[in-house]
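File shown: start.csv (CSV, C-alpha atoms).
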```csv
chain,number,residue,atom,x,y,z
A,1,MET,CA,87.8,157.9,89.2
A,2,LYS,CA,85.8,155.1,90.9
A,3,LYS,CA,86.0,153.0,87.8
A,4,ILE,CA,89.8,153.4,87.7
A,5,ILE,CA,90.2,152.4,91.3
A,6,LEU,CA,87.9,149.4,90.8
A,7,PHE,CA,89.8,148.3,87.7
A,8,SER,CA,93.1,148.6,89.7
A,9,ILE,CA,91.8,146.5,92.5
A,10,LEU,CA,90.6,143.8,90.0
A,11,THR,CA,94.0,143.8,88.3
A,12,ILE,CA,95.8,143.3,91.6
A,13,ILE,CA,93.4,140.5,92.5
A,14,MET,CA,93.9,138.7,89.2
A,15,SER,CA,97.7,139.2,89.5
A,16,CYS,CA,97.6,137.6,92.9
A,17,LYS,CA,95.6,134.7,91.6
A,18,GLU,CA,98.2,134.2,88.7
A,19,LEU,CA,101.0,134.2,91.3
A,20,ASP,CA,99.2,131.6,93.4
A,21,VAL,CA,98.8,129.4,90.4
A,22,LYS,CA,102.5,129.9,89.4
A,23,ASP,CA,103.6,129.0,93.0
A,24,GLU,CA,101.5,125.9,93.0
A,25,LYS,CA,103.1,124.6,89.8
A,26,SER,CA,106.6,125.8,90.7
A,27,LEU,CA,109.2,123.4,92.2
A,28,GLU,CA,111.7,124.5,94.8
A,29,PHE,CA,115.1,122.9,95.2
A,30,TYR,CA,118.3,123.2,97.2
A,31,VAL,CA,121.8,123.9,95.9
A,32,GLY,CA,125.0,122.7,97.6
A,33,THR,CA,128.2,124.6,97.0
A,34,TYR,CA,131.9,124.9,97.7
A,35,THR,CA,132.5,127.8,100.0
A,36,ASN,CA,136.0,128.7,99.0
A,37,GLY,CA,134.7,131.6,96.9
A,38,ALA,CA,131.5,133.8,97.1
A,39,SER,CA,129.3,131.1,98.5
A,40,GLU,CA,128.3,130.9,102.2
A,41,GLY,CA,126.6,127.5,102.2
A,42,ILE,CA,123.2,126.1,101.0
A,43,TYR,CA,120.9,128.0,98.8
A,44,LYS,CA,117.3,127.6,97.6
A,45,TYR,CA,116.0,128.2,94.1
A,46,GLN,CA,112.7,127.8,92.2
A,47,LEU,CA,111.9,126.3,88.9
A,48,ASP,CA,108.5,127.4,87.6
A,49,ALA,CA,106.1,125.6,85.3
A,50,ASN,CA,107.7,127.2,82.2
A,51,GLY,CA,111.3,126.2,83.1
A,52,MET,CA,112.3,129.6,84.4
A,53,LEU,CA,114.8,129.7,87.3
A,54,PHE,CA,114.5,132.1,90.3
A,55,LYS,CA,116.8,132.5,93.3
A,56,ILE,CA,115.1,132.4,96.8
A,57,GLY,CA,118.3,132.9,98.8
A,58,LEU,CA,120.7,131.5,101.3
A,59,VAL,CA,119.1,129.1,103.7
A,60,ALA,CA,122.0,127.8,105.8
A,61,LYS,CA,125.6,128.9,106.4
A,62,THR,CA,127.9,125.9,106.4
A,63,ASN,CA,131.3,124.8,105.2
A,64,ASN,CA,131.6,123.1,101.8
A,65,PRO,CA,128.1,121.5,101.6
A,66,SER,CA,129.1,119.8,98.3
A,67,PHE,CA,126.4,117.1,98.5
A,68,LEU,CA,122.8,117.1,99.9
A,69,ALA,CA,120.1,114.6,100.7
A,70,LYS,CA,116.6,114.6,102.3
A,71,THR,CA,114.6,112.2,104.4
A,72,LYS,CA,111.6,110.7,102.7
A,73,ASP,CA,109.2,112.8,104.8
A,74,ASN,CA,110.9,116.0,103.6
A,75,LYS,CA,111.4,117.1,107.2
A,76,THR,CA,115.2,116.8,107.4
A,77,LEU,CA,118.0,117.8,105.1
A,78,LEU,CA,121.5,116.4,105.3
A,79,ALA,CA,124.7,118.0,104.0
A,80,VAL,CA,128.3,116.9,103.9
A,81,ASN,CA,131.1,119.3,105.0
A,82,GLU,CA,133.7,118.3,102.5
A,83,THR,CA,136.7,119.0,104.7
A,84,ASP,CA,139.6,117.2,106.4
A,85,GLU,CA,139.9,118.0,110.1
A,86,ASN,CA,142.3,115.5,111.7
A,87,GLY,CA,141.4,112.9,109.2
A,88,THR,CA,137.6,113.3,109.1
A,89,GLY,CA,134.9,115.4,107.5
A,90,PHE,CA,131.4,115.9,108.8
A,91,VAL,CA,127.7,115.5,108.1
A,92,LYS,CA,125.2,118.0,109.3
A,93,SER,CA,121.4,117.7,109.7
A,94,PHE,CA,118.9,120.5,109.4
A,95,LYS,CA,115.2,120.8,110.0
A,96,ILE,CA,113.4,122.0,106.9
A,97,ASP,CA,111.3,125.1,108.0
A,98,ASN,CA,109.8,126.8,104.9
A,99,ASP,CA,112.7,128.9,103.4
A,100,THR,CA,115.0,128.2,106.3
A,101,LEU,CA,117.2,125.3,107.4
A,102,LEU,CA,117.5,125.0,111.1
A,103,PHE,CA,120.7,123.3,112.3
A,104,ARG,CA,120.1,120.1,114.3
A,105,SER,CA,123.3,118.1,114.6
A,106,LYS,CA,126.8,117.5,113.4
A,107,SER,CA,128.6,114.1,113.2
A,108,LYS,CA,131.9,112.8,111.9
A,109,SER,CA,131.7,111.2,108.5
A,110,GLY,CA,134.3,108.6,109.1
A,111,GLY,CA,137.0,109.8,106.7
A,112,ALA,CA,138.4,112.9,105.1
A,113,HIS,CA,136.6,114.9,102.4
A,114,PRO,CA,133.1,113.4,102.3
A,115,CYS,CA,131.7,114.0,98.9
A,116,PHE,CA,128.4,112.1,98.7
A,117,LEU,CA,125.6,110.9,101.0
A,118,THR,CA,122.3,109.1,100.7
A,119,ILE,CA,119.4,108.1,103.0
A,120,ASN,CA,116.8,105.3,102.7
A,121,GLU,CA,113.3,104.9,104.0
A,122,LYS,CA,114.6,103.5,107.2
A,123,ASN,CA,116.5,106.7,107.9
A,124,GLN,CA,119.8,104.9,107.5
A,125,VAL,CA,122.5,107.2,106.2
A,126,LEU,CA,125.6,106.3,104.1
A,127,VAL,CA,128.4,108.8,103.3
A,128,ALA,CA,131.3,108.3,100.8
A,129,ASN,CA,134.6,109.8,102.0
A,130,TYR,CA,136.8,110.5,99.0
A,131,THR,CA,140.2,111.0,100.6
A,132,GLY,CA,139.4,108.5,103.4
A,133,GLY,CA,138.6,105.9,100.8
A,134,ASN,CA,135.8,104.5,103.0
A,135,VAL,CA,132.0,104.6,103.6
A,136,GLY,CA,130.6,105.9,106.9
A,137,TYR,CA,127.3,104.6,108.3
A,138,LEU,CA,124.9,106.8,110.5
A,139,GLU,CA,121.2,107.0,111.3
A,140,ILE,CA,118.6,109.7,111.9
A,141,ASP,CA,117.5,109.8,115.5
A,142,ASN,CA,114.0,110.5,116.8
A,143,GLN,CA,114.7,114.2,117.0
A,144,ASN,CA,115.6,114.4,113.3
A,145,GLY,CA,119.2,114.7,114.1
A,146,LEU,CA,122.1,112.4,113.3
A,147,THR,CA,123.5,109.7,115.5
A,148,ASN,CA,127.2,109.6,116.0
A,149,LEU,CA,129.1,107.6,113.5
A,150,LEU,CA,128.1,103.9,113.8
A,151,SER,CA,130.4,102.1,111.5
A,152,VAL,CA,133.1,102.7,108.8
A,153,GLN,CA,133.8,100.3,105.9
A,154,GLN,CA,137.3,100.8,104.6
A,155,HIS,CA,138.2,100.1,101.0
A,156,THR,CA,141.7,98.8,100.0
A,157,GLY,CA,143.7,98.6,96.8
A,158,LYS,CA,144.6,100.9,93.9
A,159,GLY,CA,144.2,101.4,90.2
A,160,THR,CA,146.6,102.3,87.4
A,161,THR,CA,146.5,106.1,87.0
A,162,ASP,CA,147.8,109.1,89.1
A,163,ARG,CA,144.3,109.5,90.6
A,164,GLN,CA,144.2,105.9,91.6
A,165,LYS,CA,147.1,105.4,94.0
A,166,SER,CA,144.8,104.7,96.9
A,167,PRO,CA,141.1,104.2,97.6
A,168,HIS,CA,138.8,107.1,96.8
A,169,ALA,CA,135.1,106.3,97.6
A,170,HIS,CA,133.1,108.7,95.4
A,171,SER,CA,129.5,107.6,96.0
A,172,THR,CA,127.5,105.0,97.8
A,173,TRP,CA,124.0,103.7,97.0
A,174,PHE,CA,121.1,101.7,98.4
A,175,HIS,CA,119.9,99.2,95.9
A,176,PRO,CA,116.2,100.1,95.1
A,177,ALA,CA,115.0,96.5,95.0
A,178,LYS,CA,116.9,94.6,97.7
A,179,GLN,CA,118.8,95.0,100.9
A,180,GLU,CA,122.2,95.8,99.3
A,181,ILE,CA,124.7,98.7,99.1
A,182,ILE,CA,126.8,99.5,96.1
A,183,SER,CA,129.8,101.8,96.7
A,184,VAL,CA,131.7,103.3,93.8
A,185,ASP,CA,135.5,103.8,94.3
A,186,LEU,CA,137.4,105.8,91.8
A,187,GLY,CA,140.7,105.0,93.4
A,188,THR,CA,140.5,101.2,93.4
A,189,ASN,CA,138.6,101.3,90.1
A,190,GLU,CA,135.9,99.0,91.5
A,191,LEU,CA,132.3,98.7,92.7
A,192,TRP,CA,132.0,97.4,96.3
A,193,PHE,CA,129.0,95.4,97.5
A,194,SER,CA,127.9,95.2,101.1
A,195,THR,CA,124.9,95.0,103.4
A,196,ILE,CA,124.0,96.4,106.8
A,197,ASN,CA,124.1,94.1,109.8
A,198,ASN,CA,121.3,95.7,111.8
A,199,LYS,CA,122.2,93.8,115.0
A,200,LYS,CA,125.8,95.1,115.0
A,201,ASN,CA,125.1,98.4,113.2
A,202,GLU,CA,127.9,97.5,110.8
A,203,LEU,CA,128.5,97.4,107.1
A,204,GLU,CA,129.5,93.9,105.9
A,205,PHE,CA,130.9,92.9,102.5
A,206,LYS,CA,128.9,90.4,100.4
A,207,ASN,CA,130.3,87.2,98.9
A,208,GLN,CA,131.0,89.1,95.7
A,209,LYS,CA,133.0,91.9,97.3
A,210,THR,CA,133.9,93.9,94.3
A,211,LEU,CA,133.6,94.3,90.5
A,212,LYS,CA,136.5,95.7,88.5
A,213,MET,CA,135.8,98.3,85.9
A,214,ASP,CA,137.8,98.8,82.7
A,215,VAL,CA,141.5,99.7,83.4
A,216,GLY,CA,141.8,103.4,84.2
A,217,ALA,CA,138.0,104.0,84.0
A,218,GLY,CA,137.7,105.7,87.4
A,219,PRO,CA,134.1,105.0,88.4
A,220,ARG,CA,132.4,108.0,90.1
A,221,HIS,CA,128.5,107.8,90.1
A,222,LEU,CA,125.8,105.4,89.0
A,223,THR,CA,122.1,105.3,88.3
A,224,PHE,CA,119.6,102.4,88.4
A,225,HIS,CA,117.3,101.6,85.5
A,226,PRO,CA,113.6,101.6,86.6
A,227,ASN,CA,113.5,97.8,85.9
A,228,HIS,CA,116.2,97.3,88.6
A,229,LYS,CA,118.1,94.9,86.3
A,230,TRP,CA,120.5,97.4,84.7
A,231,ILE,CA,123.0,99.7,86.5
A,232,TYR,CA,124.8,102.4,84.5
A,233,ILE,CA,128.2,103.5,85.9
A,234,LEU,CA,129.7,106.9,85.0
A,235,ASN,CA,133.5,106.6,84.7
A,236,GLU,CA,135.1,109.9,85.4
A,237,LEU,CA,138.7,109.3,84.2
A,238,ASN,CA,138.1,107.7,80.8
A,239,ASN,CA,134.9,109.5,80.1
A,240,THR,CA,132.7,106.5,79.5
A,241,VAL,CA,129.4,105.0,80.8
A,242,SER,CA,129.3,101.2,81.5
A,243,LEU,CA,126.4,98.9,81.8
A,244,VAL,CA,126.5,96.5,84.7
A,245,GLU,CA,124.0,93.6,85.0
A,246,GLU,CA,123.4,90.9,87.5
A,247,VAL,CA,123.8,87.4,86.1
A,248,ASP,CA,123.4,84.2,88.2
A,249,ASN,CA,123.6,86.3,91.4
A,250,SER,CA,126.8,88.0,90.4
A,251,TYR,CA,127.4,91.4,88.9
A,252,VAL,CA,129.1,91.5,85.5
A,253,LEU,CA,130.4,94.3,83.3
A,254,LYS,CA,128.5,94.2,80.0
A,255,THR,CA,129.2,97.1,77.6
A,256,THR,CA,130.9,100.5,77.7
A,257,ILE,CA,130.2,103.6,75.6
A,258,SER,CA,132.1,106.9,75.2
A,259,MET,CA,130.7,110.2,76.6
A,260,LEU,CA,132.4,112.3,74.0
A,261,PRO,CA,132.2,113.2,70.3
A,262,LYS,CA,134.5,111.2,68.0
A,263,GLY,CA,137.9,112.7,67.8
A,264,TYR,CA,137.5,115.0,70.9
A,265,ASP,CA,141.0,115.0,72.5
A,266,LYS,CA,140.9,118.0,74.9
A,267,TYR,CA,140.9,117.7,78.7
A,268,THR,CA,137.5,116.6,80.1
A,269,LYS,CA,136.2,114.4,82.9
A,270,GLY,CA,132.8,112.8,83.5
A,271,ALA,CA,130.8,114.0,86.5
A,272,ASP,CA,127.1,112.9,87.0
A,273,ILE,CA,124.6,110.6,85.6
A,274,HIS,CA,120.8,110.2,85.7
A,275,ILE,CA,118.0,108.2,83.9
A,276,SER,CA,114.5,109.3,83.0
A,277,ASN,CA,111.7,107.8,85.0
A,278,ASP,CA,110.4,105.8,82.0
A,279,GLY,CA,113.9,104.3,81.5
A,280,ARG,CA,114.1,105.4,77.9
A,281,PHE,CA,116.9,108.1,78.1
A,282,LEU,CA,120.1,108.4,80.0
A,283,TYR,CA,122.0,111.7,80.6
A,284,ALA,CA,125.6,112.3,81.8
A,285,SER,CA,127.7,115.5,82.3
A,286,ASN,CA,131.1,116.3,80.9
A,287,ARG,CA,133.4,118.7,82.6
A,288,GLY,CA,135.7,120.3,80.1
A,289,HIS,CA,133.6,119.5,77.0
A,290,ASN,CA,130.9,121.3,79.1
A,291,SER,CA,128.0,119.2,77.9
A,292,ILE,CA,125.2,116.9,78.7
A,293,VAL,CA,125.5,113.7,76.7
A,294,ILE,CA,122.1,112.1,75.8
A,295,TYR,CA,121.7,108.4,75.2
A,296,LYS,CA,118.7,106.3,74.2
A,297,VAL,CA,118.3,103.0,76.1
A,298,ASP,CA,117.5,99.8,74.3
A,299,SER,CA,114.5,98.4,76.0
A,300,LYS,CA,115.6,94.7,75.4
A,301,SER,CA,119.3,94.8,76.1
A,302,GLY,CA,119.8,97.9,78.1
A,303,ASN,CA,122.6,99.0,75.6
A,304,LEU,CA,123.0,102.7,75.0
A,305,SER,CA,123.0,104.6,71.6
A,306,LEU,CA,124.1,108.2,71.3
A,307,VAL,CA,121.4,110.8,70.7
A,308,GLY,CA,123.5,113.9,70.9
A,309,PHE,CA,125.1,116.6,73.1
A,310,GLU,CA,123.7,119.7,74.7
A,311,ASN,CA,126.1,122.6,75.7
A,312,THR,CA,125.6,123.4,79.4
A,313,ARG,CA,126.2,127.2,78.9
A,314,GLY,CA,128.7,127.2,81.8
A,315,GLN,CA,132.1,125.8,82.7
A,316,ASN,CA,132.6,122.6,84.7
A,317,PRO,CA,129.1,121.1,85.0
A,318,ARG,CA,129.0,119.0,88.1
A,319,ASN,CA,125.8,117.6,89.5
A,320,PHE,CA,122.6,118.0,87.5
A,321,SER,CA,119.0,116.8,88.2
A,322,LEU,CA,115.9,115.9,86.4
A,323,SER,CA,112.8,117.7,87.9
A,324,PRO,CA,110.4,115.3,89.7
A,325,ASP,CA,108.0,115.4,86.7
A,326,ASN,CA,111.0,114.8,84.3
A,327,LYS,CA,110.0,117.8,82.2
A,328,PHE,CA,113.2,119.7,82.9
A,329,ILE,CA,116.8,119.2,83.7
A,330,VAL,CA,118.7,121.7,85.9
A,331,VAL,CA,122.6,121.8,85.6
A,332,ALA,CA,125.0,123.2,88.2
A,333,ASN,CA,128.0,124.8,86.4
A,334,GLN,CA,130.6,125.0,89.2
A,335,ASP,CA,133.1,127.3,87.5
A,336,GLY,CA,130.4,129.1,85.5
A,337,ASN,CA,128.8,130.2,88.8
A,338,ASN,CA,125.4,129.6,87.3
A,339,LEU,CA,122.4,127.2,87.1
A,340,VAL,CA,120.9,126.4,83.7
A,341,SER,CA,117.5,124.8,83.0
A,342,PHE,CA,116.6,122.8,79.9
A,343,LYS,CA,113.2,121.5,78.8
A,344,ARG,CA,113.3,117.8,78.0
A,345,ASN,CA,111.6,116.3,74.9
A,346,GLN,CA,110.1,113.1,76.4
A,347,LYS,CA,109.9,111.5,72.9
A,348,THR,CA,113.4,112.2,71.6
A,349,GLY,CA,115.3,112.8,74.9
A,350,LYS,CA,116.7,116.1,73.5
A,351,LEU,CA,117.1,119.2,75.5
A,352,THR,CA,116.1,122.9,74.8
A,353,PHE,CA,117.6,125.8,76.8
A,354,MET,CA,115.1,127.6,78.9
A,355,SER,CA,116.7,129.7,81.6
A,356,GLU,CA,119.9,130.7,83.5
A,357,VAL,CA,120.5,132.2,86.9
A,358,SER,CA,123.6,133.1,88.9
A,359,ALA,CA,124.8,130.8,91.7
A,360,PRO,CA,128.1,130.8,93.6
A,361,ASN,CA,130.2,127.7,93.0
A,362,PRO,CA,127.2,125.3,92.7
A,363,VAL,CA,128.0,121.6,92.7
A,364,CYS,CA,124.8,119.8,93.9
A,365,ILE,CA,121.0,120.1,93.1
A,366,LEU,CA,118.4,118.5,95.3
A,367,PHE,CA,114.7,118.7,94.5
```
Whole structure given in C-alpha cells:
Amino acid sequence: MKKIILFSILTIIMSCKELDVKDEKSLEFYVGTYTNGASEGIYKYQLDANGMLFKIGLVAKTNNPSFLAKTKDNKTLLAVNETDENGTGFVKSFKIDNDTLLFRSKSKSGGAHPCFLTINEKNQVLVANYTGGNVGYLEIDNQNGLTNLLSVQQHTGKGTTDRQKSPHAHSTWFHPAKQEIISVDLGTNELWFSTINNKKNELEFKNQKTLKMDVGAGPRHLTFHPNHKWIYILNELNNTVSLVEEVDNSYVLKTTISMLPKGYDKYTKGADIHISNDGRFLYASNRGHNSIVIYKVDSKSGNLSLVGFENTRGQNPRNFSLSPDNKFIVVANQDGNNLVSFKRNQKTGKLTFMSEVSAPNPVCILF
C-alpha cells in the first residue's frame, strides 16, 4: 500500500513538472471580437509548444473590440470599440493583470467605426476610423490610460466602386525605420503619408501626400519587409497584393499579384497580410475562398511568386497572426466561430493543420 501511495505521489510530481514545462513554452494571446452574437468582449487563449490551442476565457467585457494592440512593455492593452455614437467610436485602455484586463480609460477615436489601431515605442497611438474616413491621434498617459483625442487627420476623395464613394481609412502604420506614418484608405484607393508634429500634437501630411493604387483595388492592410525597403499592400476589393517601393524619396507602385487560384470567380475579399521574420515568405487571407495564400519573396527584387493555398477550416478568415517564434500561424475565422492553428515549414513556407478551438465571432489575434 505504501508503495502504491509513493508511486502516486511521484506521478503527481512528474505531471506537475510536465505542466510547468508546457506552460513555460506556451504562448498566450488575446482575441478581439464582434459582440453582436455570442461574444461578450476580449478573450484569452493559449498556443502550446506543439501548436495546440486552449481557451483561457473572457478577460474583459466591452463592445465590438474588433482590433487590439499592446504597449511595448506589455503593461497596457488597447481596444477599439467599433461603433458609431454621434459620429464617433472609442478606444479603451486596460491594465494587463495576469488573466484579467482592468479597465483604465475610454477616449473618442475621432470618427465612426474605428477598425484598427497601433502604438509605437513612444506610446503614441493611431486609430483608423473606417466610416469617418480619418485617422485619430492619442497618447498613453503616465497612468497607463489614454489621453483625450489630440488630433484628427481627415482623408478626402473617392474611388470607382460602390465601396469607394467616400474615404474609408482601414489601417494606419508607423514606419519601422523612420518617423513616418502610412495610412491605408480603401475608399479613396490610396496610401496616405504623414508625420507627427510633436510641438502641436498634430498629424501633418508629407510632400508626397498620397499614392494611388490600381483602379478598384481597395487597399486594406500592409506589412513591411524586414529590410524596410519593400511594403506589401493587401487590396481587399480586387483580391491582390501590391509591392510598393521607395525610389528617389518617393513611393511607387511596382508589381501586383493575385491572391486567388486561376479561374476562381466566386465572391471573395482579401483581409489580412503578414510576412515571416526572415522576409522569405508572405501570407494573406481570403474571405470567401476561405484560405491563406502563401508567397515566396524574391530576395533581390521583392517580387512574389505563388507557393500555394491552405484552407482555413472556417468561414470568413479575418485577422491572422504568426506566433512570435514564427513556428505557427493562428487564424481567426469570424463566421466559423473558431480559431485554427497551423505549423509553418520555415524552409518551404507551407502550412500544416495542427489544432482548432471554438471562439465567438473572432476578428483579431494579438500575441
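Nearest-residue note for A:Val244: choosing from A:Leu211, A:Leu78, A:Ile294, A:Met259, the minimum distance belongs to A:Leu211, counting only C-alpha atoms.
Residues in contact range of A:Lys254, defined as at most 12 Å between all atoms listed in the file, with sequence neighbours fewer than 4 positions away removed, read A:Leu211, A:Lys212, A:Met213, A:Asp214, A:Trp230, A:Ile231, A:Tyr232, A:Ile233, A:Val241, A:Ser242, A:Leu243, A:Val244, A:Glu245, A:Glu246, A:Val247, A:Ser301, A:Gly302, A:Asn303, A:Leu304.
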**OP:** Tell me which protein, DNA and RNA residues are within 9 Å of A:Asn64, counting all atoms listed in the file, leaving out same-chain ones fewer than 3 positions away, and put them as a PyMOL selection string.
**Re:** chain A and resi 32-36+39-42+67+79-83
**OP:** Rounded to one decimal place, report the atom CA of A:Val297-atom CA of A:Tyr283 distance in Å.
**Re:**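 Between atom CA of A:Val297 and atom CA of A:Tyr283 the gap works out to 10.5 Å.
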**OP:** List the neighbours of A:Asn338 out to 9 Å using all atoms listed in the file; skip same-chain residues closer than 2 positions along the sequence, and give me the result as a ChimeraX atom specification.
**Re:** /A:313-315,331-336,340,356-362
Original post:
List as a list in words: which residues have an atom within 8 Å of (130.4, 99.5, 94.6), counting all atoms listed in the file?
Top reply: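 Residues satisfying the cut-off, written out: Thr172, Ile181, Ile182, Ser183, Val184, Asp185, Glu190, Leu191, Trp192, Phe193, Thr210 and Leu211 of chain A.
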